[in-house]
Structures are given as C-alpha cells and as structure tokens.
$ cat start.txt   # compact mmCIF, C-alpha atoms and all ligand atoms
# COMPACT_ATOMS: atom_id res chain seq x y z
CA MET A 1 -2.86 -7.38 -26.65
CA SER A 2 -2.52 -10.03 -23.94
CA SER A 3 -4.19 -10.22 -20.55
CA LEU A 4 -3.06 -12.10 -17.45
CA CYS A 5 -5.28 -12.40 -14.42
CA PHE A 6 -4.16 -13.52 -10.96
CA ILE A 7 -6.90 -15.06 -8.83
CA GLY A 8 -7.33 -17.46 -5.93
CA GLY A 9 -5.00 -15.77 -3.45
CA SER A 10 -4.44 -12.80 -1.15
CA ALA A 11 -2.90 -9.70 -2.69
CA ILE A 12 -0.24 -7.92 -0.65
CA LEU A 13 -0.42 -4.13 -0.86
CA PRO A 14 2.07 -1.80 0.89
CA ASP A 15 -0.31 -1.17 3.80
CA ARG A 16 -2.74 -4.10 3.81
CA ILE A 17 -3.76 -7.45 2.41
CA ILE A 18 -6.79 -8.10 0.16
CA ASP A 19 -8.22 -11.63 0.45
CA ASP A 20 -9.77 -13.34 -2.62
CA ALA A 21 -8.04 -10.77 -4.78
CA VAL A 22 -8.21 -10.18 -8.51
CA VAL A 23 -5.13 -8.65 -10.17
CA VAL A 24 -5.45 -7.98 -13.89
CA CYS A 25 -2.54 -7.15 -16.19
CA ARG A 26 -2.84 -6.03 -19.79
CA ASP A 27 0.35 -6.21 -21.86
CA ASP A 28 3.08 -4.89 -19.55
CA LYS A 29 0.86 -2.94 -17.11
CA ILE A 30 -1.35 -3.66 -14.10
CA ILE A 31 -4.86 -2.44 -14.90
CA TYR A 32 -6.88 -3.63 -11.88
CA VAL A 33 -6.26 -4.63 -8.23
CA GLY A 34 -9.31 -5.43 -6.11
CA LYS A 35 -11.96 -8.03 -5.32
CA SER A 36 -14.39 -7.74 -8.24
CA GLN A 37 -14.81 -11.00 -10.20
CA GLN A 38 -16.54 -8.90 -12.91
CA ARG A 39 -13.17 -7.37 -13.73
CA ILE A 40 -11.72 -10.68 -14.93
CA PRO A 41 -11.48 -10.33 -18.74
CA ALA A 42 -13.21 -13.18 -20.58
CA ARG A 43 -10.15 -14.08 -22.62
CA ALA A 44 -7.48 -13.51 -19.96
CA GLU A 45 -5.00 -16.25 -19.10
CA LYS A 46 -5.86 -17.06 -15.48
CA ILE A 47 -3.14 -17.76 -12.92
CA ASP A 48 -4.53 -19.49 -9.85
CA ALA A 49 -2.55 -18.61 -6.72
CA LYS A 50 -4.06 -21.69 -5.01
CA GLY A 51 -4.58 -19.96 -1.69
CA GLY A 52 -1.13 -18.33 -1.70
CA TRP A 53 0.04 -14.74 -1.97
CA ILE A 54 -0.04 -12.38 -4.93
CA CYS A 55 2.60 -9.71 -4.42
CA PRO A 56 4.74 -7.20 -6.33
CA GLY A 57 8.02 -8.36 -7.87
CA PHE A 58 11.08 -7.74 -5.71
CA VAL A 59 13.50 -4.86 -6.30
CA ASP A 60 17.12 -5.47 -5.26
CA ILE A 61 19.44 -2.44 -5.10
CA HIS A 62 22.52 -4.33 -3.87
CA VAL A 63 23.40 -7.56 -5.67
CA HIS A 64 26.71 -8.87 -7.06
CA GLY A 65 25.73 -12.02 -8.92
CA GLY A 66 24.22 -15.49 -8.85
CA GLY A 67 24.04 -18.80 -10.69
CA GLY A 68 27.86 -18.95 -10.90
CA SER A 69 28.35 -15.45 -12.38
CA ASP A 70 29.32 -12.10 -10.93
CA PHE A 71 28.29 -8.91 -12.73
CA MET A 72 31.96 -7.91 -12.52
CA ASP A 73 32.84 -10.78 -14.86
CA GLY A 74 31.99 -8.07 -17.37
CA THR A 75 30.20 -10.05 -20.10
CA THR A 76 26.55 -9.96 -21.17
CA ASP A 77 26.42 -13.74 -20.60
CA ALA A 78 27.44 -13.27 -16.97
CA VAL A 79 24.84 -10.51 -16.57
CA ARG A 80 22.08 -12.71 -18.00
CA THR A 81 23.07 -15.72 -15.88
CA SER A 82 22.85 -13.63 -12.70
CA CYS A 83 19.55 -12.02 -13.76
CA ARG A 84 17.95 -15.38 -14.52
CA ALA A 85 19.07 -16.79 -11.16
CA HIS A 86 17.55 -13.87 -9.27
CA ALA A 87 14.31 -13.90 -11.27
CA SER A 88 13.64 -17.43 -10.06
CA HIS A 89 13.84 -16.04 -6.50
CA GLY A 90 11.24 -13.35 -7.22
CA THR A 91 13.42 -10.37 -8.14
CA THR A 92 11.93 -8.56 -11.14
CA THR A 93 14.18 -5.47 -11.09
CA LEU A 94 17.76 -5.37 -9.87
CA PHE A 95 20.71 -3.01 -9.78
CA PRO A 96 23.92 -4.91 -10.62
CA THR A 97 26.52 -3.81 -8.08
CA THR A 98 30.20 -3.21 -8.77
CA SER A 99 32.92 -4.50 -6.47
CA THR A 100 36.38 -2.97 -6.24
CA GLY A 101 38.33 -3.44 -9.45
CA SER A 102 40.35 -1.67 -12.12
CA PRO A 103 38.80 1.13 -14.22
CA LEU A 104 38.75 -1.29 -17.17
CA GLN A 105 36.90 -3.95 -15.18
CA ILE A 106 34.32 -1.44 -13.94
CA GLN A 107 33.80 -0.04 -17.43
CA ALA A 108 33.38 -3.57 -18.86
CA MET A 109 30.72 -4.29 -16.23
CA LEU A 110 28.86 -1.05 -17.04
CA ASP A 111 28.99 -1.83 -20.78
CA ALA A 112 27.77 -5.42 -20.29
CA CYS A 113 24.86 -4.24 -18.10
CA ALA A 114 23.90 -1.52 -20.62
CA ALA A 115 23.92 -4.10 -23.46
CA ALA A 116 21.83 -6.60 -21.47
CA GLN A 117 19.41 -3.82 -20.47
CA ALA A 118 18.96 -2.71 -24.08
CA GLU A 119 18.28 -6.27 -25.32
CA TRP A 120 16.10 -7.32 -22.36
CA THR A 121 13.21 -9.74 -22.81
CA ALA A 122 11.41 -11.65 -20.07
CA ASP A 123 13.40 -14.86 -20.68
CA ALA A 124 16.54 -12.89 -19.68
CA GLY A 125 15.24 -12.79 -16.08
CA SER A 126 15.25 -9.79 -13.76
CA ALA A 127 15.22 -6.45 -15.59
CA ILE A 128 18.15 -4.13 -14.96
CA GLY A 129 16.87 -0.94 -13.31
CA GLY A 130 20.32 0.61 -13.41
CA VAL A 131 23.77 -0.07 -11.98
CA HIS A 132 24.89 0.43 -8.38
CA LEU A 133 28.39 1.93 -8.56
CA TYR A 134 29.53 0.47 -5.24
CA GLY A 135 33.27 -0.27 -5.36
CA PRO A 136 35.95 1.09 -5.73
CA TYR A 137 35.59 4.14 -3.42
CA PHE A 138 35.85 2.38 -0.07
CA ALA A 139 37.90 3.11 3.06
CA LYS A 140 40.82 0.63 3.06
CA GLU A 141 40.24 -0.31 6.73
CA LYS A 142 36.61 -1.27 5.92
CA VAL A 143 37.19 -3.02 2.60
CA GLY A 144 35.66 -6.28 3.89
CA CYS A 145 35.66 -9.13 1.40
CA HIS A 146 36.51 -6.91 -1.59
CA ASN A 147 39.95 -7.02 -3.15
CA GLU A 148 41.89 -4.20 -1.40
CA ALA A 149 44.14 -3.60 -4.41
CA GLY A 150 41.11 -2.36 -6.36
CA CYS A 151 40.12 0.21 -3.71
CA ARG A 152 40.89 3.95 -4.18
CA VAL A 153 39.71 7.54 -3.64
CA PRO A 154 37.26 9.15 -6.08
CA GLN A 155 38.90 11.19 -8.87
CA PRO A 156 36.59 13.11 -11.23
CA GLU A 157 38.71 12.06 -14.25
CA GLU A 158 37.83 8.46 -13.42
CA PHE A 159 34.23 8.52 -12.18
CA ARG A 160 32.86 10.99 -14.73
CA ASN A 161 33.52 8.37 -17.41
CA TYR A 162 31.39 5.83 -15.54
CA PHE A 163 28.40 8.18 -15.40
CA LYS A 164 28.50 8.91 -19.15
CA SER A 165 26.26 5.98 -20.12
CA GLY A 166 23.51 7.20 -17.76
CA ILE A 167 23.02 3.69 -16.36
CA ILE A 168 24.26 4.41 -12.81
CA LYS A 169 21.31 4.92 -10.45
CA VAL A 170 22.91 4.20 -7.05
CA ALA A 171 26.33 5.58 -6.13
CA THR A 172 28.41 4.65 -3.06
CA CYS A 173 31.49 6.32 -1.59
CA ALA A 174 32.98 6.28 1.91
CA ALA A 175 32.29 9.73 3.39
CA GLU A 176 35.74 10.27 4.91
CA LEU A 177 37.67 9.89 1.65
CA PRO A 178 39.22 12.98 0.07
CA GLY A 179 37.01 13.94 -2.87
CA ALA A 180 33.86 12.33 -1.42
CA ALA A 181 31.95 15.64 -1.33
CA GLY A 182 32.57 16.24 -5.05
CA PHE A 183 31.56 12.66 -5.86
CA TYR A 184 28.33 12.95 -3.88
CA ARG A 185 27.35 16.27 -5.49
CA TYR A 186 28.08 14.91 -8.97
CA ALA A 187 26.11 11.68 -8.40
CA ARG A 188 23.22 13.65 -6.93
CA ARG A 189 23.13 15.91 -10.01
CA LYS A 190 22.96 12.73 -12.11
CA GLY A 191 19.82 11.70 -10.19
CA CYS A 192 21.36 8.85 -8.16
CA LEU A 193 20.49 7.56 -4.72
CA VAL A 194 23.74 8.57 -3.00
CA THR A 195 25.03 6.22 -0.34
CA CYS A 196 27.90 5.78 2.10
CA GLY A 197 29.34 2.32 2.65
CA HIS A 198 32.50 0.41 3.55
CA SER A 199 33.35 3.44 5.64
CA ASN A 200 34.75 4.40 9.04
CA SER A 201 33.21 7.88 9.00
CA SER A 202 32.18 9.94 12.01
CA TRP A 203 28.89 11.72 12.68
CA ALA A 204 30.44 15.04 11.50
CA GLU A 205 31.61 13.44 8.24
CA MET A 206 28.18 11.89 7.72
CA ASP A 207 26.49 15.22 8.38
CA ASN A 208 28.72 16.87 5.81
CA ALA A 209 27.95 14.06 3.34
CA PHE A 210 24.24 14.56 3.99
CA LYS A 211 24.60 18.24 3.03
CA ASN A 212 26.12 17.03 -0.25
CA GLY A 213 23.23 14.69 -1.05
CA MET A 214 24.09 11.39 0.69
CA ARG A 215 20.84 9.75 1.91
CA HIS A 216 21.50 6.01 2.41
CA VAL A 217 23.96 3.63 4.05
CA ASP A 218 24.85 0.21 2.61
CA HIS A 219 24.27 -3.03 4.57
CA PHE A 220 23.63 -1.69 8.08
CA TRP A 221 26.06 -3.01 10.73
CA CYS A 222 28.36 -4.48 8.07
CA ALA A 223 31.64 -2.74 7.11
CA MET A 224 30.60 0.49 8.81
CA SER A 225 31.82 2.64 11.69
CA THR A 226 30.86 2.34 15.36
CA VAL A 227 31.59 4.61 18.34
CA PRO A 228 34.63 2.46 19.34
CA SER A 229 36.00 2.45 15.76
CA ILE A 230 35.68 6.26 15.61
CA ARG A 231 37.34 6.62 18.99
CA LYS A 232 40.26 4.56 17.71
CA ARG A 233 40.51 6.78 14.64
CA LEU A 234 39.82 10.24 16.10
CA GLY A 235 40.38 9.91 19.88
CA VAL A 236 38.27 11.49 22.63
CA PRO A 237 35.68 12.81 23.23
CA MET A 238 33.88 9.79 21.79
CA GLN A 239 31.87 10.74 18.72
CA GLY A 240 28.84 9.41 16.94
CA SER A 241 29.34 6.96 14.08
CA MET A 242 27.39 5.99 10.96
CA LEU A 243 25.15 3.90 13.18
CA GLU A 244 23.96 6.78 15.38
CA TYR A 245 23.72 9.08 12.37
CA VAL A 246 21.41 6.76 10.45
CA LEU A 247 19.24 6.06 13.50
CA GLY A 248 19.10 9.76 14.42
CA ASN A 249 18.28 11.23 11.00
CA ARG A 250 14.78 10.44 9.78
CA GLU A 251 15.63 11.25 6.16
CA MET A 252 18.37 8.62 6.02
CA SER A 253 17.51 5.15 4.74
CA THR A 254 19.51 1.97 4.98
CA GLU A 255 19.35 -1.71 4.06
CA VAL A 256 19.80 -5.06 5.78
CA ILE A 257 21.11 -8.38 4.50
CA ALA A 258 18.27 -10.43 5.96
CA ASP A 259 19.68 -13.90 5.26
CA GLY A 260 19.70 -14.85 8.94
CA MET A 261 23.49 -15.32 8.78
CA HIS A 262 24.74 -11.71 8.71
CA LEU A 263 22.37 -10.28 11.35
CA SER A 264 20.37 -11.89 14.15
CA ALA A 265 16.59 -11.70 14.26
CA GLU A 266 16.65 -9.05 17.01
CA LEU A 267 18.92 -6.76 14.98
CA LEU A 268 16.66 -7.11 11.93
CA LYS A 269 13.65 -6.26 14.06
CA PHE A 270 15.47 -3.37 15.75
CA ALA A 271 16.37 -1.83 12.36
CA TRP A 272 12.73 -2.09 11.24
CA GLN A 273 11.43 -0.61 14.50
CA LEU A 274 13.78 2.37 14.44
CA LYS A 275 13.89 3.16 10.71
CA THR A 276 10.37 1.90 9.80
CA ALA A 277 9.52 0.07 6.58
CA SER A 278 9.65 3.24 4.48
CA ARG A 279 13.34 3.79 5.28
CA LEU A 280 14.65 0.21 5.42
CA CYS A 281 15.32 -1.86 2.28
CA LEU A 282 15.92 -5.57 2.12
CA VAL A 283 18.86 -6.41 -0.12
CA THR A 284 20.40 -9.73 -1.02
CA ASP A 285 24.03 -8.49 -1.39
CA CYS A 286 24.22 -11.87 -3.09
CA ASN A 287 27.38 -13.19 -4.71
CA ARG A 288 27.86 -15.70 -7.53
CA ALA A 289 27.30 -18.73 -5.28
CA LEU A 290 23.48 -18.40 -5.34
CA ASP A 291 22.02 -21.77 -6.41
CA MET A 292 25.54 -23.22 -6.66
CA PRO A 293 27.00 -26.08 -4.61
CA PRO A 294 29.15 -25.27 -1.55
CA GLY A 295 32.74 -24.53 -2.54
CA ARG A 296 35.36 -21.87 -3.31
CA TYR A 297 34.39 -18.93 -5.51
CA ARG A 298 35.66 -15.50 -6.48
CA PHE A 299 33.94 -12.39 -5.14
CA GLY A 300 34.05 -9.80 -7.95
CA PRO A 301 35.80 -10.41 -11.28
CA GLU A 302 36.34 -14.06 -12.23
CA LYS A 303 39.94 -13.23 -13.16
CA ASP A 304 41.26 -11.65 -9.96
CA GLY A 305 38.41 -11.25 -7.45
CA SER A 306 39.09 -12.27 -3.84
CA TRP A 307 38.39 -15.89 -2.89
CA PHE A 308 35.62 -16.89 -0.52
CA THR A 309 34.00 -20.12 0.59
CA SER A 310 30.28 -20.79 0.36
CA ASP A 311 28.93 -23.32 2.86
CA GLY A 312 25.56 -23.19 1.12
CA LYS A 313 24.16 -20.74 3.71
CA VAL A 314 26.52 -17.74 3.40
CA GLY A 315 29.89 -16.70 1.99
CA TRP A 316 32.99 -16.68 4.22
CA ALA A 317 36.07 -14.55 3.40
CA ASN A 318 37.89 -16.42 6.20
CA PRO A 319 36.67 -18.29 9.29
CA GLU A 320 36.02 -14.97 11.09
CA SER A 321 34.44 -12.77 8.44
CA LEU A 322 31.53 -13.03 6.07
CA ALA A 323 31.73 -12.42 2.33
CA SER A 324 28.12 -11.49 1.41
CA SER A 325 25.09 -13.70 0.97
CA VAL A 326 24.29 -16.69 -1.23
CA SER A 327 20.49 -16.24 -1.01
CA GLY A 328 17.77 -14.69 -3.15
CA MET A 329 15.21 -12.09 -2.07
CA ASP A 330 12.52 -14.69 -1.30
CA HIS A 331 14.76 -16.01 1.48
CA MET A 332 15.24 -12.46 2.87
CA VAL A 333 11.46 -11.93 2.99
CA ARG A 334 10.94 -15.27 4.77
CA THR A 335 13.61 -14.39 7.36
CA MET A 336 12.11 -10.96 8.05
CA HIS A 337 8.63 -12.36 8.47
CA ARG A 338 9.23 -15.68 10.17
CA SER A 339 12.37 -15.13 12.25
CA ALA A 340 12.19 -11.39 12.94
CA GLY A 341 8.39 -11.42 13.26
CA ILE A 342 7.75 -8.46 10.95
CA PRO A 343 4.25 -8.30 9.40
CA LEU A 344 4.29 -9.86 5.93
CA PHE A 345 3.03 -6.77 4.10
CA GLU A 346 5.86 -4.72 5.63
CA ALA A 347 8.50 -7.34 4.79
CA ILE A 348 7.27 -7.32 1.17
CA ARG A 349 7.23 -3.50 1.14
CA MET A 350 10.88 -3.41 2.18
CA ALA A 351 11.72 -5.73 -0.73
CA SER A 352 9.72 -3.81 -3.34
CA LEU A 353 8.18 -0.36 -2.77
CA THR A 354 10.79 1.06 -0.40
CA PRO A 355 13.75 0.49 -2.74
CA ALA A 356 11.66 1.75 -5.68
CA GLU A 357 10.82 4.92 -3.73
CA ARG A 358 14.43 5.52 -2.73
CA LEU A 359 15.40 5.20 -6.40
CA GLY A 360 12.65 7.58 -7.54
CA MET A 361 11.00 4.78 -9.56
CA SER A 362 7.89 4.12 -7.48
CA ASP A 363 5.64 5.63 -10.15
CA GLN A 364 6.53 2.62 -12.35
CA LEU A 365 7.21 -0.28 -9.99
CA GLY A 366 7.31 -1.56 -6.43
CA SER A 367 3.65 -2.29 -5.65
CA LEU A 368 0.46 -3.82 -7.02
CA GLN A 369 -1.15 -0.67 -8.30
CA ARG A 370 -3.06 0.21 -11.43
CA GLY A 371 -0.78 1.78 -14.02
CA LYS A 372 2.44 0.25 -12.72
CA GLN A 373 4.57 -2.34 -14.54
CA ALA A 374 3.10 -5.84 -14.47
CA ASP A 375 5.81 -7.28 -12.18
CA VAL A 376 3.81 -9.76 -10.13
CA LEU A 377 4.70 -12.84 -8.06
CA VAL A 378 2.70 -15.76 -6.81
CA LEU A 379 4.09 -17.11 -3.54
CA SER A 380 2.86 -20.20 -1.77
CA ARG A 381 1.40 -19.82 1.71
CA ARG A 382 4.89 -20.75 2.95
CA LEU A 383 6.39 -17.94 0.84
CA GLN A 384 8.01 -20.11 -1.82
CA VAL A 385 8.09 -18.53 -5.31
CA LYS A 386 5.55 -20.24 -7.59
CA GLN A 387 5.16 -17.81 -10.50
CA VAL A 388 7.12 -14.79 -11.65
CA CYS A 389 5.56 -12.32 -14.05
CA LEU A 390 8.05 -9.91 -15.61
CA ARG A 391 6.37 -6.90 -17.21
CA GLY A 392 3.37 -8.98 -18.16
CA THR A 393 5.19 -12.15 -19.30
CA LEU A 394 5.50 -15.28 -17.18
CA PHE A 395 9.12 -16.25 -16.51
CA ALA A 396 9.73 -19.88 -17.40
CA GLY A 397 12.84 -20.19 -15.17
ZN ZN A 401 29.65 -4.47 1.00
ZN ZN A 402 27.92 -5.90 -1.51
$ encode --input "start.txt" --output "structure tokens" --more "lines below"
Ligand SMILES: [Zn+2]
Ligand SMILES: [Zn+2]
Amino acid sequence: MSSLCFIGGSAILPDRIIDDAVVVCRDDKIIYVGKSQQRIPARAEKIDAKGGWICPGFVDIHVHGGGGSDFMDGTTDAVRTSCRAHASHGTTTLFPTTSTGSPLQIQAMLDACAAAQAEWTADAGSAIGGVHLYGPYFAKEKVGCHNEAGCRVPQPEEFRNYFKSGIIKVATCAAELPGAAGFYRYARRKGCLVTCGHSNSSWAEMDNAFKNGMRHVDHFWCAMSTVPSIRKRLGVPMQGSMLEYVLGNREMSTEVIADGMHLSAELLKFAWQLKTASRLCLVTDCNRALDMPPGRYRFGPEKDGSWFTSDGKVGWANPESLASSVSGMDHMVRTMHRSAGIPLFEAIRMASLTPAERLGMSDQLGSLQRGKQADVLVLSRRLQVKQVCLRGTLFAG
C-alpha cells in the first residue's frame, strides 16, 4: 500500500477552489480532498505544490499524436511515444483518434492501442480511455487536412469489425452521408459518445442524427457547416447549419481547439457562454509535431498521411488552412483562462470532468473526488505542469 499526499497549494474542484488543500491518494485512488492537516497519513510521500494548483489530470477526447508519432502509425511504440508526450502536458487519460486511412491502417491503429492499453503502466504516460473512431466517415468537401483518398461512407461490413475489440468509446460520422443513421444507432448501442464532424450537414440532418443518438460535434467552427455553406448545397430558403443546431440544442455538446491559433479569444469565450462548461470540452486535436522542432510532418499514417508544416505554434496544411494543433492540454487551459478570461476552475472542468461526463466515465475520473482514480496534477501559479500523478504513481517524464 502506498500513499501520496498533495499539500501546499489550492485544489481546483469543478465548482470552486479550496486554498491550503490536502489531497490524499492511497494506491490508485483518491481517498481525501479537503483542508484537514489531520488527514495527512504519517508515512505518506508528501508532494509540496509550493503555492501552485492541485487539479485533476486532463482528459483529451480528440488527439492524433505527439512527440513525433501519430497513433495512425499503427505500432505500440508510436502509441507509447504519443502517450508519454501528452502525459508531460498534464493529460492522464486520452482517446487516440483515427484519421482517414485504409481499413488495414485503421485496424492496425485499433490493435496497437488495445495492446498498449492492456500493458499500461505509469511510465507509459497517459492511459488510454478508449479510441475515438474519427476518420474515415467524413464528407469529402469538409475533409480538411486529412487525406481525401482515405475518406468514405460508413458500411456495416467495415465498421462492425472496428467495434469488435470494444475499445471504441467515441464515434464520428458526417450526418449527411448515406448510412450515417445506421452507424449512429450501432455506435450508440455500443455505448459510444456519438459525434458529427467534418460535415456539411443541415439543421434537418442534424436533427435526424440527434434522433439516432448523435450528441456531440467535433472541433466547433472547424470543418463544419455554416448557413452560407448549406445555402450553397441546398439552395433557398436558407437553413440552419451545425452551428445553429449545436447552439440551439441544450443536450448537444461540442469541443474547441483552444490553442489560440484556431479560434480567437472571443470565439472561445462565446462558445463557453452559450454552451456552458458542462457542454464544452477542451481538446488538443494535437498532431505528431507536439514537442518537435518546426518542420514538415505527416498528418495520419507515417507511410501515406498528408503533409503539413509546423511553425512551432500550429500545423498548416497550406498557407490558407490549418492542420490541427501542436500543443498539449496545459496550453489549452492557459489560453482559455488567460486569453479568453474564463474562470480557472471552469477551464479545468472543460479539460477534465466535462469530457469524462460525456464519455460516461465521470464515476472514475475527471475531478478531485474521494473514490476516483488518483490522476492528479500540480501546476505552478502560472499554470505550468510541475507534477503528474497517473493512477497514484508519479510520472517521471
Ligand atoms: Zn478534424
Ligand atoms: Zn482531429
């Protein structure tokens, strides 16, 4: 039995902050969160937050890679490299996200993630909560930085194979594709958070998708429909798009890439104001260039993914369009709090409890609460990651 005790800082709960907090973990669970010095076990290893923040580990439901690897490289080594890179930025649970690719490439990614998940120890970095089946079921006109050749419509003969391992927990499909309704119903039956992304769907198509279990939209404002794009596709009268549907339906959640490069501070704040922290997730949507020097990299599989350029701040598919982020979740939290002016406890909630709730995993993770997994971070006052505790074990980095 081992005990870890976090002291000397302010603990961030989903709705408030406790100053001079004491957070006690025994083995892989949190057993106490409060202010009582009496609760510090005599033989616990003490972690002094030195006046900083004690907060829950981050949960990232949309992430492609990091540290030079993309999950779609399809090897356990690539999975571990990405997980270690993200752990050092405070992510304790992530959902490796597929890009477009061949059935063989997607199956290799699923197998590599399942193997890494089964063998996980804290030195492997972020734990794998499940896989986000993201590509290949995108609308061709909204394919963004993904390789268009690997994009297609959902066929049960194909996607049923992917769900066999049970590792898929988030499932994306563009709502206007033929077969989308069947995909959504199947993914919902498998217990997934069902999402619509890389789509040019109308309000009516979104409403139909909602009836089939769709509840979330990927990276708000990026690769999604707008009233003008729907007018171009379906003519007049002008119709609502994904944007109006998400803002108008309280049950719908969405996510923002809060790297300060994809969306301006006022858009980040607007999304938070309209959806509230319980329906808005922070995601990194990070590619393999995290913690790598500026240069040319592949988005998706190493072998035939599309090329992009990282300038060290963001990925560029070409001089006009972005190709996902190159930043970890700590950076997203700093942007939400400092640039967009969102209260710190709400920014942290959007990076931890909200995604855990949307995934149906908030009984185990997502906040500093007795009984939950001991996924705990120490951040400096300036929100730099100082310590990462993965299920009760300190991550050495
Ligand atoms: Zn995307
Ligand atoms: Zn993405």
$ residues_near_ligand --input "start.txt" --ligand "ligand ZN 401 (chain A)" --cutoff "9 Å" --atoms "all atoms listed in the file" --output "MDAnalysis selection string"
chainID A and resid 62 99 134:135 143:146 197:198 218:219 222:223 285 323:324
$ residues_near_point --input "start.txt" --point "(8.8, -4.7, -12.1)" --cutoff "12 Å" --atoms "only C-alpha atoms" --output "PyMOL selection string"
chain A and resi 28-30+55-60+87+90-94+122+125-129+351-353+355-356+361-369+371-377+388-393
$ closest_residue --input "start.txt" --among "A:Thr75, A:Thr172, A:Gln273, A:Thr226" --to "ligand ZN 402 (chain A)" --atoms "all atoms listed in the file"
A:Thr172
$ closest_residue --input "start.txt" --among "A:Arg26, A:His64, A:Arg39, A:Arg160" --to "ligand ZN 402 (chain A)" --atoms "all atoms listed in the file"
A:His64
$ closest_residue --input "start.txt" --among "A:Gly68, A:Val256, A:Gln155, A:Asn249" --to "A:Arg296" --atoms "all atoms listed in the file"
A:Gly68
$ residues_around --input "start.txt" --residues "A:Ser202" --least-positions-apart "3" --cutoff "10 Å" --atoms "only C-alpha atoms" --output "list in words"
Ala175, Glu176, Ser199, Glu205, Met206, Asp207, Asn208, Ser225, Thr226, Val227, Ser229, Ile230, Arg231, Arg233, Leu234, Met238, Gln239, Gly240, Ser241, Met242, Leu243, Glu244 and Tyr245 of chain A
$ closest_residue --input "start.txt" --among "A:Val333, A:Arg370, A:Ser339, A:Arg189" --to "A:Val23" --atoms "all atoms listed in the file"
A:Arg370
